[in-house]
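The next block is protein-v6.cif, given as mmCIF, C-alpha atoms.
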data_coords
#
loop_
_atom_site.group_PDB
_atom_site.id
_atom_site.type_symbol
_atom_site.label_atom_id
_atom_site.label_comp_id
_atom_site.auth_asym_id
_atom_site.auth_seq_id
_atom_site.Cartn_x
_atom_site.Cartn_y
_atom_site.Cartn_z
ATOM 1 C CA GLU A 1337 0.000 0.000 0.000
ATOM 2 C CA LEU A 1338 1.445 3.342 -1.050
ATOM 3 C CA GLU A 1339 1.295 6.214 1.399
ATOM 4 C CA VAL A 1340 0.890 9.635 -0.158
ATOM 5 C CA GLN A 1341 3.011 12.208 1.636
ATOM 6 C CA GLN A 1342 1.553 15.683 1.737
ATOM 7 C CA LYS A 1343 4.032 18.549 1.433
ATOM 8 C CA PRO A 1344 3.958 20.963 4.345
ATOM 9 C CA SER A 1345 2.267 24.321 3.959
ATOM 10 C CA VAL A 1346 1.382 27.327 6.052
ATOM 11 C CA PHE A 1347 -2.234 28.491 5.949
ATOM 12 C CA PHE A 1348 -3.803 31.785 7.050
ATOM 13 C CA GLY A 1349 -6.626 34.048 6.020
ATOM 14 C CA MET A 1350 -7.475 37.716 5.951
ATOM 15 C CA LEU A 1351 -10.321 40.052 5.121
ATOM 16 C CA ILE A 1352 -9.748 42.823 2.591
ATOM 17 C CA LYS A 1353 -12.361 45.506 3.134
ATOM 18 C CA ASN A 1354 -13.897 47.848 0.578
ATOM 19 C CA LEU A 1355 -13.301 45.756 -2.513
ATOM 20 C CA ASP A 1356 -16.201 44.483 -4.618
ATOM 21 C CA PHE A 1357 -15.631 40.732 -4.909
ATOM 22 C CA TRP A 1358 -17.895 40.347 -7.951
ATOM 23 C CA GLN A 1359 -16.255 43.199 -9.878
ATOM 24 C CA LEU A 1360 -12.828 41.862 -8.923
ATOM 25 C CA THR A 1361 -13.495 38.339 -10.157
ATOM 26 C CA GLU A 1362 -15.415 39.375 -13.283
ATOM 27 C CA HIS A 1363 -12.310 40.376 -15.255
ATOM 28 C CA SER A 1364 -9.360 37.989 -15.492
ATOM 29 C CA ASN A 1365 -6.745 40.739 -15.950
ATOM 30 C CA ILE A 1366 -7.943 42.607 -12.838
ATOM 31 C CA LEU A 1367 -8.056 39.363 -10.847
ATOM 32 C CA ALA A 1368 -4.534 38.409 -12.024
ATOM 33 C CA SER A 1369 -3.170 41.806 -10.901
ATOM 34 C CA PHE A 1370 -4.917 41.498 -7.535
ATOM 35 C CA ASN A 1371 -3.589 37.951 -7.004
ATOM 36 C CA GLY A 1372 -0.073 39.025 -7.988
ATOM 37 C CA THR A 1373 -0.185 41.941 -5.548
ATOM 38 C CA VAL A 1374 -1.359 39.737 -2.659
ATOM 39 C CA LYS A 1375 1.134 36.958 -3.431
ATOM 40 C CA GLN A 1376 4.048 39.397 -3.664
ATOM 41 C CA ALA A 1377 3.150 41.006 -0.329
ATOM 42 C CA VAL A 1378 2.914 37.604 1.387
ATOM 43 C CA ALA A 1379 6.156 36.358 -0.208
ATOM 44 C CA SER A 1380 8.047 39.483 0.900
ATOM 45 C CA VAL A 1381 7.139 38.776 4.527
ATOM 46 C CA ALA A 1382 7.339 34.960 4.452
ATOM 47 C CA GLY A 1383 11.112 34.870 3.935
ATOM 48 C CA ASN A 1384 13.793 34.387 1.306
ATOM 49 C CA SER A 1385 12.825 30.787 0.596
ATOM 50 C CA VAL A 1386 9.326 31.776 -0.591
ATOM 51 C CA ASP A 1387 8.363 33.389 -3.868
ATOM 52 C CA SER A 1388 4.985 34.229 -5.390
ATOM 53 C CA ASP A 1389 4.724 30.869 -7.190
ATOM 54 C CA ASP A 1390 4.754 29.081 -3.808
ATOM 55 C CA ILE A 1391 1.540 30.817 -2.746
ATOM 56 C CA ALA A 1392 -1.991 29.688 -3.603
ATOM 57 C CA LEU A 1393 -4.998 31.927 -2.977
ATOM 58 C CA ALA A 1394 -8.672 31.138 -2.533
ATOM 59 C CA LEU A 1395 -11.042 34.110 -2.656
ATOM 60 C CA SER A 1396 -14.606 34.391 -1.441
ATOM 61 C CA PRO A 1397 -17.115 37.233 -1.026
ATOM 62 C CA GLY A 1398 -17.598 39.298 2.108
ATOM 63 C CA SER A 1399 -15.700 42.304 0.812
ATOM 64 C CA VAL A 1400 -12.905 39.902 -0.224
ATOM 65 C CA ILE A 1401 -11.902 37.021 2.015
ATOM 66 C CA VAL A 1402 -8.485 35.683 1.051
ATOM 67 C CA GLU A 1403 -7.249 32.267 2.172
ATOM 68 C CA CYS A 1404 -3.491 31.924 1.590
ATOM 69 C CA THR A 1405 -1.575 28.664 1.414
ATOM 70 C CA VAL A 1406 2.218 28.958 1.329
ATOM 71 C CA LYS A 1407 3.812 25.751 0.031
ATOM 72 C CA VAL A 1408 7.197 24.906 1.525
ATOM 73 C CA PRO A 1409 9.575 21.959 1.048
ATOM 74 C CA THR A 1410 10.103 20.904 4.675
ATOM 75 C CA ALA A 1411 8.543 21.085 8.135
ATOM 76 C CA ASP A 1412 11.524 23.200 9.208
ATOM 77 C CA ALA A 1413 10.791 25.717 6.450
ATOM 78 C CA ALA A 1414 7.101 25.703 7.447
ATOM 79 C CA GLU A 1415 8.019 26.666 11.010
ATOM 80 C CA LYS A 1416 10.191 29.544 9.759
ATOM 81 C CA VAL A 1417 7.485 30.836 7.421
ATOM 82 C CA GLN A 1418 4.851 30.519 10.165
ATOM 83 C CA ALA A 1419 7.049 32.513 12.571
ATOM 84 C CA ALA A 1420 7.768 35.200 9.951
ATOM 85 C CA LEU A 1421 4.095 35.638 9.087
ATOM 86 C CA ALA A 1422 2.973 35.581 12.726
ATOM 87 C CA SER A 1423 5.501 38.216 13.763
ATOM 88 C CA SER A 1424 4.967 40.522 10.783
ATOM 89 C CA HIS A 1425 3.671 43.928 11.699
ATOM 90 C CA ARG A 1426 3.780 45.215 8.155
ATOM 91 C CA LEU A 1427 1.946 42.672 5.947
ATOM 92 C CA ALA A 1428 -1.559 44.131 6.424
ATOM 93 C CA ASP A 1429 -0.415 47.751 6.028
ATOM 94 C CA ASP A 1430 1.863 47.075 3.041
ATOM 95 C CA LEU A 1431 -0.811 45.036 1.280
ATOM 96 C CA ALA A 1432 -3.445 47.734 1.854
ATOM 97 C CA LEU A 1433 -1.080 50.400 0.442
ATOM 98 C CA ASN A 1434 -0.258 48.279 -2.616
ATOM 99 C CA LEU A 1435 -3.943 47.573 -3.287
ATOM 100 C CA GLU A 1436 -4.786 51.280 -2.844
ATOM 101 C CA ALA A 1437 -2.184 52.091 -5.506
ATOM 102 C CA LEU A 1438 -3.639 49.397 -7.778
ATOM 103 C CA VAL A 1439 -7.223 50.710 -7.562
ATOM 104 C CA ARG A 1440 -6.047 54.218 -8.536
ATOM 105 C CA ILE A 1441 -5.412 52.882 -12.050
ATOM 106 C CA ASP A 1442 -8.452 53.635 -14.251
ATOM 107 C CA MET A 1443 -9.431 50.073 -15.100
ATOM 108 C CA PHE A 1444 -9.350 49.043 -11.398
ATOM 109 C CA GLN A 1445 -11.403 51.910 -9.961
ATOM 110 C CA GLY A 1446 -14.693 50.004 -10.232
ATOM 111 C CA ILE A 1447 -13.597 47.375 -7.698
ATOM 112 C CA SER A 1448 -13.039 49.810 -4.819
ATOM 113 C CA THR A 1449 -15.959 50.801 -2.577
ATOM 114 C CA GLY A 1450 -13.902 52.943 -0.186
ATOM 115 C CA ARG A 1451 -10.537 53.036 1.558
ATOM 116 C CA ILE A 1452 -8.977 49.570 1.382
ATOM 117 C CA ALA A 1453 -8.086 47.960 4.693
ATOM 118 C CA VAL A 1454 -6.743 44.528 5.563
ATOM 119 C CA SER A 1455 -8.064 43.076 8.805
ATOM 120 C CA GLY A 1456 -9.072 39.878 10.519
ATOM 121 C CA MET A 1457 -5.761 38.220 9.769
ATOM 122 C CA SER A 1458 -5.834 34.726 11.237
ATOM 123 C CA ALA A 1459 -2.851 33.158 12.965
ATOM 124 C CA PRO A 1460 -0.833 31.113 10.457
ATOM 125 C CA VAL A 1461 -1.070 27.344 10.972
ATOM 126 C CA ILE A 1462 1.129 24.571 9.605
ATOM 127 C CA ARG A 1463 -0.523 21.751 7.693
ATOM 128 C CA GLY A 1464 0.759 18.532 6.167
ATOM 129 C CA THR A 1465 3.763 17.866 8.362
ATOM 130 C CA THR A 1466 4.766 14.542 9.812
ATOM 131 C CA GLN A 1467 7.084 13.776 12.665
ATOM 132 C CA PRO A 1468 10.391 12.400 11.370
ATOM 133 C CA PRO A 1469 11.462 9.012 12.714
ATOM 134 C CA SER A 1470 13.918 9.318 15.575
ATOM 135 C CA THR A 1471 17.489 8.249 14.919
ATOM 136 C CA THR A 1472 20.306 7.345 17.229
ATOM 137 C CA THR A 1473 24.027 7.444 16.729
ATOM 138 C CA GLY A 1474 26.609 5.088 18.115
ATOM 139 C CA LEU A 1475 27.895 1.564 17.620
ATOM 140 C CA THR A 1476 25.583 -1.091 16.284
ATOM 141 C CA THR A 1477 25.643 -4.114 18.592
ATOM 142 C CA SER A 1478 22.976 -6.217 16.939
ATOM 143 C CA THR A 1479 22.103 -7.324 13.446
ATOM 144 C CA VAL A 1480 18.373 -7.533 14.181
ATOM 145 C CA ALA A 1481 16.528 -4.882 12.213
ATOM 146 C CA THR A 1482 13.932 -2.909 14.091
ATOM 147 C CA PRO A 1483 11.058 -1.311 12.249
ATOM 148 C CA PRO A 1484 10.983 2.481 12.178
ATOM 149 C CA PRO A 1485 8.466 4.145 14.460
ATOM 150 C CA PRO A 1486 5.113 4.803 12.833
ATOM 151 C CA THR A 1487 4.763 8.144 11.106
ATOM 152 C CA THR A 1488 2.260 10.371 12.818
ATOM 153 C CA THR A 1489 0.548 13.396 11.411
ATOM 154 C CA THR A 1490 0.214 16.500 13.475
ATOM 155 C CA ALA A 1491 -3.428 17.293 14.168
ATOM 156 C CA PRO A 1492 -4.708 20.351 12.338
ATOM 157 C CA GLN A 1493 -5.294 23.329 14.539
ATOM 158 C CA CYS A 1494 -8.872 24.534 14.298
ATOM 159 C CA LEU A 1495 -11.385 26.495 16.314
ATOM 160 C CA ALA A 1496 -14.217 24.842 18.251
ATOM 161 C CA LYS A 1497 -17.928 25.639 17.987
ATOM 162 C CA GLY A 1498 -18.671 29.193 19.158
ATOM 163 C CA ALA A 1499 -15.102 30.515 18.807
ATOM 164 C CA SER A 1500 -14.487 33.808 16.957
ATOM 165 C CA CYS A 1501 -13.571 33.295 13.310
ATOM 166 C CA MET A 1502 -13.152 35.185 10.055
ATOM 167 C CA LEU A 1503 -12.962 32.216 7.682
ATOM 168 C CA GLY A 1504 -14.652 28.841 7.536
ATOM 169 C CA ALA A 1505 -11.259 27.194 7.171
ATOM 170 C CA GLN A 1506 -10.373 28.306 10.708
ATOM 171 C CA CYS A 1507 -13.241 26.278 12.214
ATOM 172 C CA CYS A 1508 -13.171 22.522 12.820
ATOM 173 C CA SER A 1509 -16.617 22.405 11.190
ATOM 174 C CA ARG A 1510 -15.307 24.495 8.258
ATOM 175 C CA ARG A 1511 -18.295 26.835 8.826
ATOM 176 C CA CYS A 1512 -17.925 30.426 10.050
ATOM 177 C CA THR A 1513 -21.289 32.166 10.520
ATOM 178 C CA PRO A 1514 -22.037 35.746 9.385
ATOM 179 C CA LEU A 1515 -21.680 36.680 13.078
ATOM 180 C CA HIS A 1516 -18.060 35.423 12.938
ATOM 181 C CA ARG A 1517 -18.585 32.385 15.178
ATOM 182 C CA CYS A 1518 -17.682 28.779 14.344
ATOM 183 C CA ALA A 1519 -20.826 26.790 13.611
ATOM 184 C CA ASN A 1520 -21.743 23.209 14.464
ATOM 185 C CA THR A 1521 -20.276 20.406 12.408
ATOM 186 C CA PRO A 1522 -22.548 20.035 9.381
ATOM 187 C CA VAL A 1523 -24.887 17.058 9.323
ATOM 188 C CA TRP A 1524 -25.099 15.459 5.880
ATOM 189 C CA VAL A 1525 -28.366 13.788 4.986
#
Would you write out, as structure tokens, the structure that this file holds?
Amino acid sequence: ELEVQQKPSVFFGMLIKNLDFWQLTEHSNILASFNGTVKQAVASVAGNSVDSDDIALALSPGSVIVECTVKVPTADAAEKVQAALASSHRLADDLALNLEALVRIDMFQGISTGRIAVSGMSAPVIRGTTQPPSTTTGLTTSTVATPPPPTTTTAPQCLAKGASCMLGAQCCSRRCTPLHRCANTPVWV
């Protein structure tokens, strides 16, 4: 049986206020410029090992809710990116300034509904990491092979029912209500 290993990534979300989601997503060239601006801002904070191509975005309405996934090669790199994003005091401000400059261009003016602000930034969480098997150094005194310890996956960090949220992806149920509270786990019929 083949085990599929998931590459580690760092996930976080944010709310970008005063942008019209439907106008933004209606035109591919406007959407591409927006995505490039967001990815570049995230990459500049995430560290030298991250560039724009390592970042995937998922957008949804509510002004514009942006879910960012930063793909990294190792769990070590994921921890560094998580720390850089968590400690950044400039990402929200820099991104807002860059988007303000973008909407001043004629073809982008229709997507702005006021002064652009970035808020509700969630804490970055690491996904897809596994604990490496432990190794020991020293002299081998036996020829009996021992199996490696089982690989365990770190549990995803998520918010319980009733916790404050900005994005559904933050909640264990994957449902954030309009009142910004995690909802019950959905019941499928």
Tell me which residues the PyMOL selection byres ((chain A and resi 1356) around 12) grabs here, as a ChimeraX atom specification.
/A:1352-1355,1357-1362,1366-1367,1395-1401,1439,1444-1452
Once the PyMOL selection byres ((chain A and resi 1408) around 10) has been evaluated on this model, what residues remain selected, and can you format them as a VMD selection string?
chain A and resid 1343 to 1346 1385 to 1386 1390 to 1391 1405 to 1407 1409 to 1417
Residues returned when the PyMOL selection byres ((chain A and resi 1457) around 7) runs on this file, as number ranges by chain:
A: 1349-1351, 1455-1456, 1458-1459
Any idea what's packed within 12 Å of A:Val1374, counting all atoms listed in the file, ignoring anything in its chain fewer than 3 positions away? Could you give it as JSON, numbers by chain?
{"A": [1349, 1350, 1351, 1352, 1367, 1368, 1369, 1370, 1371, 1377, 1378, 1379, 1380, 1381, 1387, 1388, 1389, 1391, 1392, 1393, 1394, 1395, 1400, 1401, 1402, 1403, 1404, 1405, 1427, 1428, 1429, 1430, 1431, 1432, 1433, 1434, 1435, 1438, 1454]}
Separation of atom CA of A:Cys1518 from atom CA of A:Lys1497 in Å:
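It comes out at 4.8 Å.
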Between atom CA of A:Asn1365 and atom CA of A:Asn1384, what is the spacing in Å?
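Atom CA of A:Asn1365 lies 27.6 Å from atom CA of A:Asn1384.
Put simply, atom CA of A:Ala1420 is 29.2 Å away from atom CA of A:Thr1513.
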